[in-house]
$ cat final-v3.tsv   # TSV, C-alpha atoms
chain	number	residue	atom	x	y	z
M	1209	MET	CA	0.00	0.00	0.00
M	1210	ALA	CA	1.28	3.48	-0.89
M	1211	SER	CA	2.53	5.64	1.98
M	1212	THR	CA	0.83	8.89	2.98
M	1213	ASN	CA	3.72	10.85	1.47
M	1214	ASP	CA	3.42	8.95	-1.81
M	1215	ILE	CA	-0.32	9.63	-2.00
M	1216	ILE	CA	0.20	13.32	-1.27
M	1217	SER	CA	2.97	13.52	-3.89
M	1218	GLY	CA	0.62	12.02	-6.45
M	1219	ILE	CA	-2.04	14.66	-5.77
M	1220	ALA	CA	-0.24	17.91	-4.91
M	1221	ARG	CA	0.90	20.12	-7.76
M	1222	THR	CA	2.42	22.89	-5.64
M	1223	GLN	CA	4.21	23.18	-2.32
M	1224	GLU	CA	1.15	24.91	-0.86
M	1225	GLU	CA	-1.03	21.96	-1.81
M	1226	ARG	CA	1.49	19.54	-0.30
M	1227	ILE	CA	1.45	21.45	3.00
M	1228	LEU	CA	-2.35	21.55	3.03
M	1229	LEU	CA	-2.70	17.83	2.34
M	1230	THR	CA	-0.09	16.96	4.95
M	1231	GLN	CA	-2.03	18.96	7.54
M	1232	ILE	CA	-5.27	17.21	6.59
M	1233	ALA	CA	-3.64	13.78	6.86
M	1234	GLN	CA	-2.34	14.75	10.31
M	1235	LYS	CA	-5.86	15.80	11.40
M	1236	ALA	CA	-7.21	12.40	10.35
M	1237	GLU	CA	-4.41	10.58	12.16
M	1238	THR	CA	-4.89	12.62	15.34
M	1239	CYS	CA	-8.61	11.83	15.42
M	1240	ARG	CA	-7.98	8.12	14.89
M	1241	GLU	CA	-5.21	7.83	17.49
M	1242	LYS	CA	-6.52	10.17	20.19
M	1243	CYS	CA	-10.26	9.67	19.67
M	1244	TYR	CA	-11.45	13.27	19.61
M	1245	LEU	CA	-12.98	15.54	17.00
M	1246	THR	CA	-10.53	17.24	14.64
M	1247	HIS	CA	-11.15	19.50	11.67
M	1248	THR	CA	-9.49	21.66	9.07
M	1249	LYS	CA	-10.08	25.35	8.50
M	1250	PHE	CA	-12.37	26.45	5.67
M	1251	LEU	CA	-11.41	25.08	2.26
M	1252	ASP	CA	-12.36	26.47	-1.12
M	1253	MET	CA	-13.81	24.11	-3.71
M	1254	HIS	CA	-10.45	23.24	-5.25
M	1255	GLU	CA	-8.90	22.53	-1.85
M	1256	ALA	CA	-11.91	20.42	-0.88
M	1257	ALA	CA	-11.51	18.42	-4.08
M	1258	LEU	CA	-7.85	17.76	-3.23
M	1259	ALA	CA	-8.87	16.75	0.30
M	1260	ASP	CA	-11.46	14.33	-1.07
M	1261	ARG	CA	-8.86	12.67	-3.30
M	1262	LEU	CA	-6.48	12.39	-0.37
M	1263	LEU	CA	-9.03	10.79	1.94
M	1264	ARG	CA	-10.08	8.28	-0.69
M	1265	GLY	CA	-6.42	7.41	-1.21
M	1266	LEU	CA	-5.86	6.97	2.52
M	1267	GLY	CA	-9.11	5.13	3.13
M	1268	GLU	CA	-10.13	7.77	5.66
M	1269	ARG	CA	-13.63	9.12	6.22
M	1270	GLY	CA	-14.14	12.85	6.52
M	1271	ILE	CA	-17.30	14.93	6.62
M	1272	PHE	CA	-17.32	18.04	4.44
M	1273	TRP	CA	-19.49	20.77	5.95
M	1274	GLY	CA	-19.53	24.55	5.91
M	1275	GLY	CA	-22.30	25.42	8.36
M	1276	TYR	CA	-25.30	24.79	6.09
M	1277	GLU	CA	-26.33	22.66	3.17
M	1278	GLN	CA	-24.82	23.75	-0.17
M	1279	ALA	CA	-22.07	25.81	1.50
M	1280	GLU	CA	-19.33	26.53	-1.02
M	1281	ARG	CA	-16.50	26.90	1.49
M	1282	ARG	CA	-16.36	23.82	3.69
M	1283	MET	CA	-14.29	22.29	6.46
M	1284	VAL	CA	-13.34	18.63	6.75
M	1285	PHE	CA	-14.33	17.03	10.05
M	1286	PHE	CA	-12.92	13.80	11.42
M	1287	LEU	CA	-15.20	12.16	13.97
M	1288	PRO	CA	-14.13	9.67	16.62
M	1289	GLU	CA	-16.11	6.44	16.81
M	1290	TRP	CA	-18.20	7.66	19.74
M	1291	MET	CA	-19.47	10.73	17.86
M	1292	ASP	CA	-22.34	10.36	15.39
M	1293	ALA	CA	-22.41	13.77	13.73
M	1294	VAL	CA	-20.66	17.11	13.51
M	1295	PRO	CA	-21.82	19.28	16.44
M	1296	THR	CA	-23.88	22.21	15.20
M	1297	GLU	CA	-24.23	24.03	18.50
M	1298	GLY	CA	-22.54	24.40	21.85
M	1299	GLU	CA	-18.87	24.55	22.73
M	1300	ASP	CA	-17.89	21.73	20.37
M	1301	CYS	CA	-19.21	23.50	17.26
M	1302	PRO	CA	-16.23	25.29	15.66
M	1303	ILE	CA	-18.34	27.50	13.36
M	1304	VAL	CA	-20.22	30.60	14.43
M	1305	VAL	CA	-22.10	33.26	12.51
M	1306	ILE	CA	-21.31	36.94	12.67
M	1307	ARG	CA	-24.40	38.90	11.65
M	1308	CYS	CA	-23.59	42.28	10.13
M	1309	LEU	CA	-26.45	44.79	10.10
M	1310	ARG	CA	-26.18	47.78	7.78
M	1311	SER	CA	-28.19	50.94	7.23
M	1312	LYS	CA	-31.16	50.50	4.91
M	1313	ASN	CA	-29.72	53.18	2.66
M	1314	ASP	CA	-26.33	51.49	2.25
M	1315	ALA	CA	-25.64	49.03	-0.52
M	1316	LEU	CA	-22.89	46.49	0.09
M	1317	THR	CA	-21.77	43.54	-2.00
M	1318	HIS	CA	-20.02	40.28	-1.24
M	1319	ARG	CA	-16.78	41.89	-2.42
M	1320	ASP	CA	-17.23	44.79	0.02
M	1321	TYR	CA	-17.58	42.46	2.99
M	1322	LEU	CA	-14.72	40.18	1.95
M	1323	GLY	CA	-12.40	43.10	1.19
M	1324	SER	CA	-13.02	44.71	4.55
M	1325	LEU	CA	-12.44	41.41	6.36
M	1326	MET	CA	-9.13	40.91	4.56
M	1327	GLY	CA	-8.27	44.49	5.50
M	1328	LEU	CA	-8.33	43.40	9.14
M	1329	GLY	CA	-5.45	41.04	8.43
M	1330	LEU	CA	-7.53	37.86	8.64
M	1331	ARG	CA	-6.66	34.73	6.69
M	1332	ARG	CA	-9.19	33.58	4.13
M	1333	ASP	CA	-9.27	30.08	5.60
M	1334	GLY	CA	-10.78	31.44	8.81
M	1335	ILE	CA	-13.85	32.67	6.93
M	1336	GLY	CA	-16.52	30.55	5.30
M	1337	ASP	CA	-19.36	31.71	3.09
M	1338	ILE	CA	-20.53	35.31	3.20
M	1339	LEU	CA	-24.30	35.35	2.74
M	1340	VAL	CA	-25.50	38.77	1.65
M	1341	SER	CA	-29.17	39.57	2.20
M	1342	GLU	CA	-31.49	42.52	2.76
M	1343	HIS	CA	-30.38	43.14	6.34
M	1344	GLY	CA	-26.66	43.03	5.56
M	1345	ALA	CA	-24.75	39.78	5.72
M	1346	ASP	CA	-24.31	36.61	7.74
M	1347	ILE	CA	-20.66	35.57	7.78
M	1348	LEU	CA	-19.61	32.06	8.82
M	1349	VAL	CA	-16.29	32.11	10.67
M	1350	LEU	CA	-14.14	29.94	12.89
M	1351	LYS	CA	-15.18	30.32	16.50
M	1352	ASP	CA	-11.73	31.42	17.64
M	1353	ILE	CA	-11.71	34.56	15.49
M	1354	ALA	CA	-15.26	35.65	16.40
M	1355	PRO	CA	-14.21	37.73	19.46
M	1356	TYR	CA	-11.70	39.64	17.33
M	1357	LEU	CA	-14.34	40.36	14.69
M	1358	LEU	CA	-16.90	41.51	17.23
M	1359	MET	CA	-14.33	43.94	18.63
M	1360	HIS	CA	-12.82	45.28	15.40
M	1361	TYR	CA	-15.20	44.70	12.49
M	1362	SER	CA	-17.36	47.81	12.38
M	1363	GLN	CA	-17.44	48.85	8.74
M	1364	ALA	CA	-17.28	47.59	5.18
M	1365	GLY	CA	-15.81	50.20	2.89
M	1366	ARG	CA	-17.07	53.40	4.47
M	1367	LYS	CA	-20.38	51.93	5.53
M	1368	HIS	CA	-20.99	51.37	9.23
M	1369	LEU	CA	-21.93	47.91	10.48
M	1370	GLN	CA	-23.44	46.58	13.67
M	1371	THR	CA	-22.16	43.09	14.44
M	1372	GLU	CA	-23.37	40.33	16.71
M	1373	GLU	CA	-22.72	36.64	17.10
M	1374	ILE	CA	-25.69	34.38	16.43
M	1375	PRO	CA	-26.12	30.58	16.51
M	1376	LEU	CA	-26.11	28.59	13.30
M	1377	THR	CA	-29.80	27.89	13.77
M	1378	GLN	CA	-30.53	31.57	13.07
M	1379	LEU	CA	-28.44	31.72	9.89
M	1380	ILE	CA	-30.23	33.42	6.99
M	1381	VAL	CA	-29.54	31.68	3.68
M	1382	PRO	CA	-30.88	34.05	1.02
M	1383	GLU	CA	-32.85	32.61	-1.85
M	1384	GLU	CA	-30.67	32.50	-4.93
M	1385	LYS	CA	-31.65	34.71	-7.84
M	1386	VAL	CA	-32.30	32.55	-10.88
M	1387	THR	CA	-32.08	33.47	-14.55
M	1388	MET	CA	-33.63	30.93	-16.91
M	1389	LEU	CA	-31.87	30.23	-20.20
M	1390	ARG	CA	-32.72	28.11	-23.21
M	1391	ASP	CA	-30.08	26.80	-25.57
M	1392	THR	CA	-29.03	23.86	-27.68
M	1393	VAL	CA	-25.89	21.77	-27.33
M	1394	ALA	CA	-24.30	19.14	-29.52
M	1395	SER	CA	-24.27	16.68	-26.61
M	1396	MET	CA	-24.49	16.50	-22.83
M	1397	ARG	CA	-20.72	16.55	-22.43
M	1398	LEU	CA	-19.42	18.80	-19.67
M	1399	ASP	CA	-17.53	21.09	-22.05
M	1400	ALA	CA	-20.62	21.64	-24.19
M	1401	VAL	CA	-22.98	22.32	-21.27
M	1402	THR	CA	-20.46	24.58	-19.52
M	1403	ALA	CA	-19.98	26.61	-22.69
M	1404	SER	CA	-23.73	27.04	-23.05
M	1405	LEU	CA	-24.33	27.86	-19.40
M	1406	PHE	CA	-21.65	30.53	-19.15
M	1407	ARG	CA	-21.88	31.89	-22.69
M	1408	MET	CA	-18.37	31.02	-23.76
M	1409	SER	CA	-16.75	29.04	-26.55
M	1410	ARG	CA	-16.49	25.30	-26.16
M	1411	ALA	CA	-12.70	25.56	-26.47
M	1412	LYS	CA	-12.52	28.01	-23.54
M	1413	ALA	CA	-14.85	25.81	-21.50
M	1414	ALA	CA	-12.59	22.81	-22.18
M	1415	ASP	CA	-9.53	24.82	-21.09
M	1416	ALA	CA	-11.28	25.82	-17.83
M	1417	ILE	CA	-12.22	22.19	-17.14
M	1418	ARG	CA	-8.67	20.92	-17.70
M	1419	ALA	CA	-7.35	23.72	-15.46
M	1420	GLY	CA	-9.50	22.46	-12.56
M	1421	LYS	CA	-11.83	25.46	-12.55
M	1422	VAL	CA	-15.06	23.55	-13.15
M	1423	PHE	CA	-16.97	21.61	-10.48
M	1424	VAL	CA	-19.94	19.31	-10.92
M	1425	ASN	CA	-22.08	19.01	-7.79
M	1426	GLN	CA	-19.17	20.51	-5.80
M	1427	GLN	CA	-16.71	17.91	-7.11
M	1428	GLU	CA	-13.81	19.02	-9.27
M	1429	CYS	CA	-13.93	17.47	-12.73
M	1430	ILE	CA	-11.12	17.71	-15.28
M	1431	HIS	CA	-12.74	15.42	-17.85
M	1432	THR	CA	-14.30	17.40	-20.70
M	1433	ASP	CA	-16.36	14.41	-21.84
M	1434	LYS	CA	-18.13	13.80	-18.52
M	1435	GLU	CA	-21.83	13.18	-19.17
M	1436	ILE	CA	-24.07	15.77	-17.50
M	1437	ALA	CA	-27.59	14.95	-16.31
M	1438	VAL	CA	-30.67	16.97	-15.38
M	1439	HIS	CA	-30.25	18.77	-12.01
M	1440	ASP	CA	-26.47	18.54	-12.11
M	1441	ARG	CA	-25.06	21.81	-10.75
M	1442	ILE	CA	-22.00	23.23	-12.48
M	1443	THR	CA	-19.71	25.82	-10.91
M	1444	LEU	CA	-17.12	27.77	-12.88
M	1445	ARG	CA	-14.73	29.13	-10.29
M	1446	GLY	CA	-14.59	32.93	-10.38
M	1447	THR	CA	-17.61	33.17	-12.69
M	1448	GLY	CA	-20.72	31.64	-11.16
M	1449	ARG	CA	-23.00	28.63	-10.82
M	1450	GLY	CA	-25.70	27.06	-12.91
M	1451	GLU	CA	-27.80	23.95	-13.32
M	1452	VAL	CA	-29.39	21.86	-16.03
M	1453	ALA	CA	-33.10	22.34	-15.32
M	1454	GLU	CA	-34.61	20.18	-18.05
M	1455	ILE	CA	-33.93	18.47	-21.36
M	1456	LEU	CA	-36.66	19.77	-23.65
M	1457	GLY	CA	-36.04	17.53	-26.60
M	1458	GLU	CA	-34.12	17.58	-29.85
M	1459	SER	CA	-33.86	20.34	-32.44
M	1460	LYS	CA	-34.40	19.82	-36.16
M	1461	LYS	CA	-30.62	19.73	-36.55
M	1462	GLY	CA	-30.28	16.95	-33.99
M	1463	ARG	CA	-29.01	19.11	-31.13
M	1464	VAL	CA	-30.14	18.70	-27.51
M	1465	VAL	CA	-32.48	21.49	-26.38
M	1466	LEU	CA	-31.86	22.52	-22.77
M	1467	SER	CA	-33.53	24.64	-20.13
M	1468	LEU	CA	-30.77	26.05	-17.90
M	1469	LYS	CA	-30.64	27.95	-14.63
M	1470	ARG	CA	-27.99	30.59	-13.83
M	1471	PHE	CA	-27.71	31.53	-10.16
M	1472	GLY	CA	-26.76	34.91	-8.75

$ encode --input "final-v3.tsv" --output "structure tokens"
Amino acid sequence: MASTNDIISGIARTQEERILLTQIAQKAETCREKCYLTHTKFLDMHEAALADRLLRGLGERGIFWGGYEQAERRMVFFLPEWMDAVPTEGEDCPIVVIRCLRSKNDALTHRDYLGSLMGLGLRRDGIGDILVSEHGADILVLKDIAPYLLMHYSQAGRKHLQTEEIPLTQLIVPEEKVTMLRDTVASMRLDAVTASLFRMSRAKAADAIRAGKVFVNQQECIHTDKEIAVHDRITLRGTGRGEVAEILGESKKGRVVLSLKRFG
């Protein structure tokens, strides 16, 4: 059986990825040997995909969770045998929500909140999803940085914020804005559907897939010929998300007619 170092070497493409995967392997080992809950910090979708490959290679079981269903930024949790699920409340829950209330007259975007958080000197891996809604934003963060945020995070850009810590049970997940599209594709291959969904050439879509920028149902996919089905959700990192809503039939030219959803 391949060693942990061999498995990591076969997955990591950069030194940063090697360090990340080594840390994840150590978290899994610590949980197994010392029988207590361990977890990573927040991972982006690419990092989570690397973690998934590592755990499958090691034969380890990890739970990917970011504080709510469909979270984009997730942590990997390793549970001891005596624990049935990731704790979602109480002292053992490592994720808290910082609710940021803004003035009704102020308009703030995801970029405004993220930029102001980075301006405080925080690392991105301490911050999960930033859910912007009518009241302001709910920001998922590691519990250990919450006191610092409550003390120092008082504005985004030049807009004043009121912050408070709330339990995960009070998290507001805003309803995603949906734009419906209709298009035809030559086939249900990933490169064809991605090109249609994000209004780009098939060649550019194929390049993005090979570069690891495309995720199907939150799993990284580098295979341009992967067959896509109805309700599969496709994410193009840095661009957006979409979903195949329905296959409507076949055009006169033999192309597949699709109903598509673009989110955001």

$ closest_residue --input "final-v3.tsv" --among "M:Lys1460, M:Lys1434, M:Lys1235, M:Arg1445" --to "M:Gly1420" --atoms "only C-alpha atoms"
M:Arg1445

$ residues_around --input "final-v3.tsv" --residues "M:Leu1468" --least-positions-apart "4" --cutoff "6 Å" --atoms "all atoms listed in the file" --output "list in words"
Met1388, Leu1389, Glu1451, Val1452 and Ala1453 of chain M

$ closest_residue --input "final-v3.tsv" --among "M:Leu1348, M:Ala1411, M:Ile1216, M:Cys1308" --to "M:Leu1369" --atoms "all atoms listed in the file"
M:Cys1308

$ residues_around --input "final-v3.tsv" --residues "M:Ser1404" --least-positions-apart "5" --cutoff "12 Å" --atoms "all atoms listed in the file" --output "number ranges by chain"
M: 1389-1399, 1409-1414, 1442, 1450-1452, 1464-1470

$ atom_distance --input "final-v3.tsv" --atom1 "atom CA of M:Thr1317" --atom2 "atom CA of M:Ala1403"
26.8 Å

$ atom_distance --input "final-v3.tsv" --atom1 "atom CA of M:Met1408" --atom2 "atom CA of M:Arg1281"
25.7 Å

$ closest_residue --input "final-v3.tsv" --among "M:Arg1307, M:Arg1407, M:Arg1221, M:Arg1441" --to "M:Phe1423" --atoms "all atoms listed in the file"
M:Arg1441

$ atom_distance --input "final-v3.tsv" --atom1 "atom CA of M:Arg1264" --atom2 "atom CA of M:Glu1289"
18.6 Å

$ axis_aligned_box --input "final-v3.tsv" --around "stretch 1264-1275 of chain M" --padding-each-side "3 Å" --output "AutoDock Vina command-line options"
--center_x -14.1 --center_y 15.3 --center_z 3.6 --size_x 22.4 --size_y 26.3 --size_z 15.6

$ residues_near_point --input "final-v3.tsv" --point "(-14.2, 17.0, 15.8)" --cutoff "9 Å" --atoms "all atoms listed in the file" --output "PyMOL selection string"
chain M and resi 1239+1244-1247+1285-1288+1291+1294-1295+1300-1302

$ closest_residue --input "final-v3.tsv" --among "M:Lys1461, M:Arg1261, M:Lys1385, M:Lys1351" --to "M:Ile1219" --atoms "all atoms listed in the file"
M:Arg1261

$ residues_near_point --input "final-v3.tsv" --point "(-16.9, 47.5, 4.8)" --cutoff "6 Å" --atoms "all atoms listed in the file" --output "PyMOL selection string"
chain M and resi 1320-1321+1324+1363-1367

$ residues_around --input "final-v3.tsv" --residues "M:Gly1448" --least-positions-apart "5" --cutoff "8 Å" --atoms "all atoms listed in the file" --output "ChimeraX atom specification"
/M:1443,1470-1472
